[in-house]
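Here the structure comes first, spelled out in structure tokens, and everything after it is commentary.
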There are 2 protein chains.
Amino acid sequence: MEIRLDAKTDFAGYEVGYDIPALPGMDETDIQTPCLILDLDALERNIRKMGAYVKAHDMRHRSHGKMHKSVDVQKLQERLGGAAGVCCQKVAEAEVFARGGISDILVSNEVRDPVKIDRLARLPKYGARITVCLDDVLNVDDLSAAARKHGTILECLVEIDCGGNRCGVKTTEDAIQIARAIDRAPGLKFTGIQAYQGAMQHLESYEERKAALDSAIVHVKAVVAALEAAGLKPETVTGGGTGSYTFESHSGVFNELQCGSYAFMDADYGRIRDKDGNRIDRGEWENALFVLTSVMSHAKPDLAVCDAGLKVLSVDSGLPVVYGRDDVTYVNASDEHGVIEDKSGVLRVNEKLKLVPGHCDPTCNLHDWYAGVRNGKVELVWPVSARGKSY
Amino acid sequence: MEIRLDAKTDFAGYEVGYDIPALPGMDETDIQTPCLILDLDALERNIRKMGAYVKAHDMRHRSHGKMHKSVDVQKLQERLGGAAGVCCQKVAEAEVFARGGISDILVSNEVRDPVKIDRLARLPKYGARITVCLDDVLNVDDLSAAARKHGTILECLVEIDCGGNRCGVKTTEDAIQIARAIDRAPGLKFTGIQAYQGAMQHLESYEERKAALDSAIVHVKAVVAALEAAGLKPETVTGGGTGSYTFESHSGVFNELQCGSYAFMDADYGRIRDKDGNRIDRGEWENALFVLTSVMSHAKPDLAVCDAGLKVLSVDSGLPVVYGRDDVTYVNASDEHGVIEDKSGVLRVNEKLKLVPGHCDPTCNLHDWYAGVRNGKVELVWPVSARGKSY
């Protein structure tokens, strides 16, 4: 072609499709797919419900920002659900939340790299209370030196491995040794214990989850008692997820919960059962997060292909589920395609479907935007502020 | 803290760690992890080797940009490997490549949404030749109307399903009907056939892959013969991936290859065998892509935890492999952690490891940057230009 446009003057500003999949005010049906959408009514109900639960059980809720990676969702959790701050897993996420104005940030993870330690120790200057986890006494001096360098305070939790078999110390002796070193280190404050049992969150049976948590609670209580005996009473004992929070909140030892997925839900959490044997996405929490997708090929009568594959859906915890439809099934994901079994040939090209992702956290991290919808309209478009902030 | 900095004046410009994991000139050991790294020597050898192969076999190579999503890698493939253009799967990717100056772009996929069709039809104005695939005669009028509206030409391939069971028509009659409709439609040009057998690429056995491709080639030849008989000779017959390109290039019917993964390689492709029974990552292609990770916890003697989990590595095709090490094994991925079995306790906190991802395409799509390294130094930092461009 003879006309060669200047890219700057052609795609100026935000253009739906190229830069952004949706704009506020448009019809939900006009969203460019695939796109993450939030059902704002369901999201607000989930957030208010957790807020009421936490208040009724005299707990604090520190919502897990590693799930949504969004300053805006976090602010909604603080405003509607009374969340007492955010937790996240990476220094780069903490930087995003601090810059976004979140004032109480826990990095529920170890920070060992010298550059990352320096970045972390600088963050209290943004006006945020910063807390970090340790599972190695050798980490204490590095954190202390960085806090002194920047003239800041880093609050510190000792991470206890209560069955997750990932980070965290196993023995009470190790926990006391680290707590004591923190307590003596200038620039650091010993604040308490991090005890998150991640491996049990997704066990489908309530009894199996309860057994895993009962054992974790016994362990945490023993550590807390030993710390108190050593004159190091923990001010905070924090942990708990969407699959376990009822156990921690009745434990008598935890005082802070870290639930994240409750706000959005996903197909994998949906399958776990409450104490009455009901799926937790049938009453306890509502699906608020979906990947909106379009059918883009139906060349075979019983097989439709949609535009949502591995690059917009994480399949680590199973394939997505087509929401509200029992006549069609998402059966295979490739890079950019989802194959949908459509035995009765009911789907049409360009028809839109809402997919409930298998695992919400890594799915959100694939996207740049949330389109918040209500009554068929896009009400807001929020950036996934900490997407890709893994370093 | 009393000091509250202005974010604009503090983190100004690119800061390593916050905005970007590496800068040109730094030591490889100073890269903030996790980070995608490219071994530039290996990458250049892979690209030159494919270029020589294609030339020797009188084929064209259209490198698959859905894998790398990088304008810079594509330009390297065109410069060093003689690649004849790019293919990609999404209109949003095509927009990135067109704006980046790539002049020959195939969307190797169907485009059905009216807004996406309009965006596609505008792209030739950027000076790029644009080609798209069809598997439904009902798509012809929409594409034609959009091309006429923008005064452009869209070249069109009929997509044949040769065993992948995804998009594409099954019968010769359907292929001819669509080709004829394209040929008659103003603004469109019938250019040929898209025939990519994706489902067989990762079969480990050479004989199984050959059998799948032999059957596909018989099918494609029949379609081509029927089109020629109908006066619609295909100028381009395109397909082939890293697991099959030797078959297409000896078929006598394909004239264009679409290999993508050969340039970077991954653990899943590495496991497939050549005709002598050797793994293809032991001689045919070199691992050029790694996720650099750091050990960030080693609280249990036989278990290390690294900082690379599901948000920096796609595990749809298996876990990553620790490169060059047979003493430690990556055994479990959670959102932000990788658990590494370290039976002899050889790893140290902050030690860096190179992971070969299970599947390169969705892994690259998780990252914002490639750090290109040579002789222990970061030589370049390239954006993953089309990351997240799925709509």
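By order in the structure tokens, chains are A, B, ...; within a chain, residues start at 1; ligands start at 1, following the order shown.
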Residues of chain A within 6 Å of chain B, only C-alpha atoms counted, as a CSV table (one decimal) with all heavy atoms, in the first residue's frame:
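Produced file result.csv, reproduced below:
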chain,number,residue,atom,x,y,z
A,1,MET,N,0.8,-1.2,0.0
A,1,MET,CA,0.0,0.0,0.0
A,1,MET,C,0.9,1.2,0.0
A,1,MET,O,2.0,1.2,0.5
A,1,MET,CB,-0.9,0.0,1.2
A,1,MET,CG,-1.7,-1.2,1.5
A,1,MET,SD,-2.8,-1.6,0.1
A,1,MET,CE,-3.8,-0.1,0.0
A,3,ILE,N,0.0,4.3,1.3
A,3,ILE,CA,-0.1,5.2,2.5
A,3,ILE,C,0.6,4.5,3.7
A,3,ILE,O,0.3,3.4,4.0
A,3,ILE,CB,-1.6,5.3,2.9
A,3,ILE,CG1,-2.5,5.6,1.7
A,3,ILE,CG2,-1.8,6.4,4.0
A,3,ILE,CD1,-3.9,5.4,1.9
A,4,ARG,N,1.5,5.2,4.3
A,4,ARG,CA,2.2,4.7,5.5
A,4,ARG,C,1.9,5.7,6.6
A,4,ARG,O,2.5,6.8,6.6
A,4,ARG,CB,3.7,4.5,5.2
A,4,ARG,CG,4.3,3.7,6.3
A,4,ARG,CD,5.8,3.3,6.0
A,4,ARG,NE,6.3,2.6,7.1
A,4,ARG,CZ,6.6,1.3,7.1
A,4,ARG,NH1,6.5,0.6,6.0
A,4,ARG,NH2,7.1,0.7,8.1
A,5,LEU,N,1.1,5.3,7.5
A,5,LEU,CA,0.7,6.2,8.6
A,5,LEU,C,1.7,6.3,9.7
A,5,LEU,O,2.5,5.4,9.9
A,5,LEU,CB,-0.6,5.8,9.2
A,5,LEU,CG,-1.9,5.8,8.3
A,5,LEU,CD1,-3.1,5.4,9.1
A,5,LEU,CD2,-2.1,7.2,7.8
A,18,TYR,N,-6.7,-2.4,20.7
A,18,TYR,CA,-5.3,-2.3,20.6
A,18,TYR,C,-4.7,-2.2,22.0
A,18,TYR,O,-3.8,-3.0,22.4
A,18,TYR,CB,-4.8,-1.2,19.7
A,18,TYR,CG,-3.3,-1.2,19.6
A,18,TYR,CD1,-2.6,-2.2,18.8
A,18,TYR,CD2,-2.5,-0.4,20.4
A,18,TYR,CE1,-1.3,-2.3,18.8
A,18,TYR,CE2,-1.2,-0.5,20.4
A,18,TYR,CZ,-0.5,-1.5,19.6
A,18,TYR,OH,0.8,-1.6,19.7
A,33,THR,N,-12.5,-9.6,23.3
A,33,THR,CA,-12.1,-10.8,24.0
A,33,THR,C,-10.7,-11.3,23.5
A,33,THR,O,-10.4,-11.0,22.4
A,33,THR,CB,-13.1,-11.9,23.9
A,33,THR,OG1,-13.2,-12.2,22.5
A,33,THR,CG2,-14.5,-11.4,24.4
A,34,PRO,N,-10.0,-12.1,24.3
A,34,PRO,CA,-10.4,-12.5,25.7
A,34,PRO,C,-10.1,-11.4,26.7
A,34,PRO,O,-9.1,-10.6,26.4
A,34,PRO,CB,-9.5,-13.7,26.0
A,34,PRO,CG,-8.3,-13.5,25.0
A,34,PRO,CD,-8.9,-12.8,23.8
A,92,ALA,N,8.7,-6.4,44.4
A,92,ALA,CA,8.2,-5.6,43.3
A,92,ALA,C,6.7,-5.4,43.5
A,92,ALA,O,6.2,-4.3,43.1
A,92,ALA,CB,8.5,-6.3,42.0
A,112,ARG,N,16.0,-12.2,50.3
A,112,ARG,CA,17.4,-12.6,50.6
A,112,ARG,C,18.4,-11.8,49.7
A,112,ARG,O,19.6,-11.6,50.1
A,112,ARG,CB,17.6,-14.1,50.4
A,112,ARG,CG,16.7,-15.0,51.3
A,112,ARG,CD,16.9,-14.6,52.8
A,112,ARG,NE,18.2,-14.7,53.3
A,112,ARG,CZ,18.7,-15.8,53.9
A,112,ARG,NH1,18.0,-16.9,54.0
A,112,ARG,NH2,20.0,-15.8,54.4
A,125,LYS,N,9.6,4.6,53.6
A,125,LYS,CA,9.7,6.1,53.3
A,125,LYS,C,8.4,6.5,52.6
A,125,LYS,O,8.1,7.7,52.5
A,125,LYS,CB,10.9,6.4,52.5
A,125,LYS,CG,12.2,6.2,53.3
A,125,LYS,CD,13.4,6.7,52.5
A,125,LYS,CE,14.7,6.5,53.2
A,125,LYS,NZ,15.8,7.1,52.5
A,126,TYR,N,7.7,5.6,52.0
A,126,TYR,CA,6.5,5.9,51.3
A,126,TYR,C,5.3,6.0,52.2
A,126,TYR,O,4.2,6.2,51.8
A,126,TYR,CB,6.2,4.8,50.2
A,126,TYR,CG,7.0,5.0,48.9
A,126,TYR,CD1,8.3,4.7,48.9
A,126,TYR,CD2,6.4,5.7,47.9
A,126,TYR,CE1,9.0,4.9,47.7
A,126,TYR,CE2,7.1,6.0,46.7
A,126,TYR,CZ,8.5,5.5,46.7
A,126,TYR,OH,9.2,5.8,45.5
A,127,GLY,N,5.6,5.9,53.5
A,127,GLY,CA,4.5,6.1,54.5
A,127,GLY,C,3.8,4.7,54.8
A,127,GLY,O,2.8,4.7,55.5
A,167,CYS,N,8.9,-22.8,52.4
A,167,CYS,CA,9.7,-22.0,53.3
A,167,CYS,C,9.3,-22.2,54.7
A,167,CYS,O,8.2,-22.8,55.0
A,167,CYS,CB,9.6,-20.5,52.9
A,167,CYS,SG,10.0,-20.2,51.2
A,169,VAL,N,10.7,-22.4,59.1
A,169,VAL,CA,11.5,-23.3,60.0
A,169,VAL,C,10.6,-24.3,60.6
A,169,VAL,O,9.4,-24.1,60.8
A,169,VAL,CB,12.2,-22.5,61.2
A,169,VAL,CG1,13.2,-21.5,60.6
A,169,VAL,CG2,11.2,-21.7,62.0
A,296,MET,N,-14.6,-18.5,17.9
A,296,MET,CA,-14.0,-17.9,16.7
A,296,MET,C,-13.9,-19.0,15.6
A,296,MET,O,-13.4,-18.6,14.5
A,296,MET,CB,-12.7,-17.2,17.0
A,296,MET,CG,-11.7,-17.7,18.0
A,296,MET,SD,-10.9,-19.2,17.4
A,296,MET,CE,-9.9,-18.5,16.0
A,297,SER,N,-14.3,-20.2,15.8
A,297,SER,CA,-14.3,-21.2,14.8
A,297,SER,C,-15.3,-22.3,15.2
A,297,SER,O,-15.4,-22.6,16.3
A,297,SER,CB,-12.9,-21.7,14.6
A,297,SER,OG,-12.9,-22.9,13.7
A,299,ALA,N,-15.9,-25.0,12.6
A,299,ALA,CA,-15.9,-25.7,11.3
A,299,ALA,C,-16.3,-27.1,11.4
A,299,ALA,O,-16.6,-27.7,10.4
A,299,ALA,CB,-14.5,-25.5,10.7
A,311,LYS,N,-2.5,-18.5,27.2
A,311,LYS,CA,-1.9,-17.2,27.4
A,311,LYS,C,-2.9,-16.3,28.2
A,311,LYS,O,-2.5,-15.2,28.5
A,311,LYS,CB,-1.5,-16.6,26.1
A,311,LYS,CG,-0.2,-17.3,25.6
A,311,LYS,CD,0.3,-16.7,24.3
A,311,LYS,CE,1.4,-17.7,23.8
A,311,LYS,NZ,1.7,-17.3,22.4
A,362,PRO,N,-2.6,-17.0,39.1
A,362,PRO,CA,-1.7,-16.9,37.9
A,362,PRO,C,-2.5,-16.5,36.7
A,362,PRO,O,-1.9,-16.0,35.7
A,362,PRO,CB,-1.1,-18.3,37.7
A,362,PRO,CG,-2.0,-19.2,38.6
A,362,PRO,CD,-2.6,-18.4,39.6
A,391,TYR,N,9.9,-9.7,40.5
A,391,TYR,CA,11.3,-9.5,40.9
A,391,TYR,C,11.5,-8.5,42.0
A,391,TYR,O,10.5,-7.9,42.5
A,391,TYR,CB,12.2,-9.3,39.8
A,391,TYR,CG,11.6,-8.4,38.7
A,391,TYR,CD1,11.7,-7.0,38.8
A,391,TYR,CD2,11.0,-8.9,37.5
A,391,TYR,CE1,11.3,-6.2,37.8
A,391,TYR,CE2,10.5,-8.1,36.6
A,391,TYR,CZ,10.7,-6.7,36.7
A,391,TYR,OH,10.2,-5.9,35.7
Near Leu80 of chain B, within 9 Å and counting only C-alpha atoms, which residues show up once chain neighbours fewer than 5 positions away are dropped, as number ranges by chain?
B: 44, 47-48, 51, 75
Grab the residues selected above and save them as a compact mmCIF listing (two decimals), in the first residue's frame with N, CA, C and O atoms.
# COMPACT_ATOMS: atom_id res chain seq x y z
N GLU B 44 21.68 -17.07 18.23
CA GLU B 44 22.16 -16.74 16.88
C GLU B 44 22.50 -18.01 16.10
O GLU B 44 22.22 -18.10 14.89
N ILE B 47 19.24 -19.58 14.93
CA ILE B 47 18.62 -18.82 13.84
C ILE B 47 19.39 -19.02 12.53
O ILE B 47 18.79 -19.24 11.46
N ARG B 48 20.71 -18.97 12.59
CA ARG B 48 21.50 -19.18 11.36
C ARG B 48 21.29 -20.60 10.81
O ARG B 48 21.24 -20.81 9.59
N GLY B 51 18.06 -20.81 9.05
CA GLY B 51 18.19 -20.08 7.79
C GLY B 51 18.89 -20.92 6.73
O GLY B 51 18.45 -20.98 5.57
N LYS B 75 13.21 -9.41 14.13
CA LYS B 75 14.15 -8.74 13.23
C LYS B 75 15.46 -9.52 13.13
O LYS B 75 16.08 -9.60 12.07
Extract the full set of helix (DSSP H, G or I) residues from segment 163-339 of chain A according to DSSP on the backbone, and format it as a ChimeraX atom specification.
/A:172-184,206-229,245-249,261-263,267-270
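Pairwise distance (atom CA of Val346 of chain A, atom CA of Asp142 of chain B) equals 22.3 Å.
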So, with only C-alpha atoms as the atoms that count, which of B:Trp382, B:Phe247, B:Phe97, B:Phe290 lies closest to Asp39 of chain B?
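For Asp39 of chain B, the nearest of the candidates is B:Phe290.
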From the options B:Met59, B:Leu40, B:Met50, B:Val73, which residue's atoms come nearest to Tyr262 of chain B, counting only C-alpha atoms?
B:Met50
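For the residues B:Ile182, B:Ile176, B:Leu188, B:Leu43, ranking by smallest atom-to-atom distance to Phe264 of chain B using only C-alpha atoms places B:Leu43 first.
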Give the strand (DSSP E or B) residues of segment 164-385 of chain B, as DSSP finds them on the backbone, and put them as JSON, numbers by chain.
{"B": [169, 188, 189, 190, 191, 192, 193, 194, 236, 237, 238, 239, 256, 257, 273, 279, 289, 290, 291, 292, 293, 294, 295, 296, 297, 298, 299, 300, 303, 304, 305, 306, 321, 322, 329, 330, 331, 332, 333, 338, 339, 340, 341, 352, 353, 354, 355, 356, 369, 370, 371, 372, 373, 374, 377, 378, 379, 380, 381, 382, 383]}
Neighbour list for Gly187 of chain B as a short mmCIF file (atom, residue, chain, number, x, y, z; two decimals) with C-alpha atoms, in the first residue's frame, cut-off 6 Å, only C-alpha atoms, skip fewer than 4 positions in-chain:
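As a result, out17.cif now contains:
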data_model
loop_
_atom_site.label_atom_id
_atom_site.label_comp_id
_atom_site.auth_asym_id
_atom_site.auth_seq_id
_atom_site.Cartn_x
_atom_site.Cartn_y
_atom_site.Cartn_z
CA SER B 144 -14.08 -8.07 2.07
CA ALA B 147 -10.82 -4.23 3.26
CA ARG B 148 -12.94 -2.15 0.90
CA ILE B 153 -6.00 -5.80 0.37
#
